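Okay, structure first, notes after.
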Amino acid sequence: MRFDRIPRYTVVGAICAAIYNGMMIAGDALGVHYAVSTGVAFVIIVLTGYTLHCLYTFSEKLSVRGFVRYTGGMLLTLPVSLGGMYLLRDLAHLPMWFDSPFLTGAMFCWNFVVAHWAVVTRAIGVKKPALDKATLDKAPLDKAVG
């Protein structure tokens, strides 16, 4: 895993967090139950997050396989998000302006690992072939120098 991707991941994560928190807080202000707001935000964030992670964070091509993996990984966060919201909102009666950002922070590291796995991970054991001396000897001089 390359750590130079973390700043780019943070930018995309901040965009997705702003979408999520904005939708959760606005939904709460409008009287929409947090489960509904979470579902709507999930769809928007999965589409936005996958696209931005491919094109910006990891510089990879969009693919159906990657999108399915990303969506699956993000689906794992829904029970945690809804369960956390239930604990903070329904049981502890804390305000949404606290609950939503708190849960966003708690999920940040998990989401990085899932995004990396979904977008970048290749089949285990597959390596790029190393250049050997015979390949280098056959290379044209102008391409080798220039």
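Chains: A, B, ... in order of the structure tokens. Residues: from 1 per chain. Ligands: from 1, in order shown.
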Which residues come within 10 Å of range 92-108 of chain A, counting only C-alpha atoms, excluding same-chain residues fewer than 2 positions away, as a ChimeraX atom specification? /A:9-10,13-14,16-18,20-29,34,77,80-82,84-90,110-113
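Atom pair CA of Arg65 in chain A / CA of Val40 in chain A has a distance of 22.6 Å (rounded to one decimal).
Of the listed residues (A:His116, A:Cys109, A:Phe67, A:Thr57), A:Thr57 comes nearest to Arg8 in chain A; the distances count only C-alpha atoms.
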Can you list every residue in range 5-135 of chain A that DSSP puts in helix (DSSP H, G or I), as a ChimeraX atom specification? /A:5-29,34-57,64-75,77-91,96-119,133-135
For C-alpha atoms, I'd like the residues from the last selection saved as a compact mmCIF listing (two decimals), in the first residue's frame.
```
# COMPACT_ATOMS: atom_id res chain seq x y z
CA ARG A 5 -2.34 8.20 -1.65
CA ILE A 6 -3.51 9.14 1.84
CA PRO A 7 -3.68 12.92 1.17
CA ARG A 8 -5.72 12.31 -2.00
CA TYR A 9 -7.92 9.85 -0.13
CA THR A 10 -8.46 12.49 2.54
CA VAL A 11 -9.71 14.98 -0.06
CA VAL A 12 -12.19 12.48 -1.51
CA GLY A 13 -13.14 11.35 1.99
CA ALA A 14 -13.83 14.95 2.98
CA ILE A 15 -16.09 15.41 -0.05
CA CYS A 16 -18.02 12.24 0.79
CA ALA A 17 -18.15 13.19 4.48
CA ALA A 18 -19.54 16.61 3.60
CA ILE A 19 -22.23 14.98 1.45
CA TYR A 20 -23.11 12.48 4.19
CA ASN A 21 -23.13 14.95 7.05
CA GLY A 22 -25.03 17.54 5.04
CA MET A 23 -27.70 15.01 4.11
CA MET A 24 -27.98 13.63 7.63
CA ILE A 25 -28.21 17.02 9.34
CA ALA A 26 -30.57 18.45 6.70
CA GLY A 27 -32.72 15.31 6.81
CA ASP A 28 -32.94 15.54 10.58
CA ALA A 29 -33.92 19.23 10.37
CA TYR A 34 -31.95 8.81 9.91
CA ALA A 35 -32.39 5.38 8.27
CA VAL A 36 -33.93 7.01 5.19
CA SER A 37 -31.28 9.74 5.07
CA THR A 38 -28.57 7.09 5.44
CA GLY A 39 -29.95 5.07 2.52
CA VAL A 40 -30.16 8.05 0.18
CA ALA A 41 -26.72 9.30 1.23
CA PHE A 42 -25.28 5.80 0.73
CA VAL A 43 -26.28 5.67 -2.93
CA ILE A 44 -24.92 9.14 -3.67
CA ILE A 45 -21.70 8.55 -1.75
CA VAL A 46 -20.99 5.16 -3.34
CA LEU A 47 -21.33 6.63 -6.83
CA THR A 48 -19.30 9.74 -5.97
CA GLY A 49 -16.70 7.97 -3.85
CA TYR A 50 -15.97 5.16 -6.30
CA THR A 51 -15.63 7.53 -9.23
CA LEU A 52 -13.34 9.97 -7.39
CA HIS A 53 -11.22 7.21 -5.85
CA CYS A 54 -10.64 5.64 -9.25
CA LEU A 55 -9.91 8.83 -11.12
CA TYR A 56 -8.13 10.86 -8.43
CA THR A 57 -7.04 8.87 -5.38
CA VAL A 64 -17.71 -3.05 -12.97
CA ARG A 65 -15.69 -5.45 -10.80
CA GLY A 66 -14.16 -2.59 -8.82
CA PHE A 67 -17.55 -0.90 -8.41
CA VAL A 68 -19.13 -4.13 -7.13
CA ARG A 69 -16.26 -4.63 -4.67
CA TYR A 70 -16.43 -1.01 -3.53
CA THR A 71 -20.20 -1.19 -3.06
CA GLY A 72 -19.86 -4.45 -1.14
CA GLY A 73 -17.23 -2.98 1.15
CA MET A 74 -19.33 0.10 1.75
CA LEU A 75 -22.39 -2.06 2.47
CA THR A 77 -20.46 0.05 6.94
CA LEU A 78 -24.26 0.38 6.91
CA PRO A 79 -24.94 -1.76 10.01
CA VAL A 80 -22.21 0.08 11.91
CA SER A 81 -23.54 3.45 10.78
CA LEU A 82 -27.17 2.64 11.55
CA GLY A 83 -26.25 0.91 14.83
CA GLY A 84 -24.10 3.85 15.87
CA MET A 85 -26.85 6.27 14.94
CA TYR A 86 -29.34 4.23 17.00
CA LEU A 87 -27.04 4.31 20.03
CA LEU A 88 -26.17 8.00 19.75
CA ARG A 89 -29.52 9.34 18.55
CA ASP A 90 -32.20 7.08 19.97
CA LEU A 91 -30.62 5.87 23.20
CA MET A 96 -27.44 14.99 14.91
CA TRP A 97 -24.76 17.69 14.46
CA PHE A 98 -22.67 15.59 16.88
CA ASP A 99 -23.75 12.06 15.87
CA SER A 100 -23.11 12.28 12.14
CA PRO A 101 -19.57 13.75 12.24
CA PHE A 102 -18.63 11.40 15.09
CA LEU A 103 -19.64 8.33 13.10
CA THR A 104 -17.94 9.71 9.99
CA GLY A 105 -14.66 9.97 11.88
CA ALA A 106 -15.05 6.48 13.28
CA MET A 107 -15.49 5.02 9.78
CA PHE A 108 -12.65 6.93 8.06
CA CYS A 109 -9.89 4.29 8.42
CA TRP A 110 -12.17 1.39 7.48
CA ASN A 111 -13.27 3.20 4.35
CA PHE A 112 -9.65 3.78 3.25
CA VAL A 113 -8.84 0.09 3.51
CA VAL A 114 -12.01 -0.88 1.61
CA ALA A 115 -11.48 1.71 -1.12
CA HIS A 116 -7.88 0.56 -1.64
CA TRP A 117 -8.93 -3.09 -1.75
CA ALA A 118 -11.76 -2.44 -4.20
CA VAL A 119 -9.94 -0.16 -6.60
CA LYS A 133 19.22 -8.44 -19.90
CA ALA A 134 18.02 -10.04 -23.18
CA THR A 135 15.07 -7.62 -23.35
```
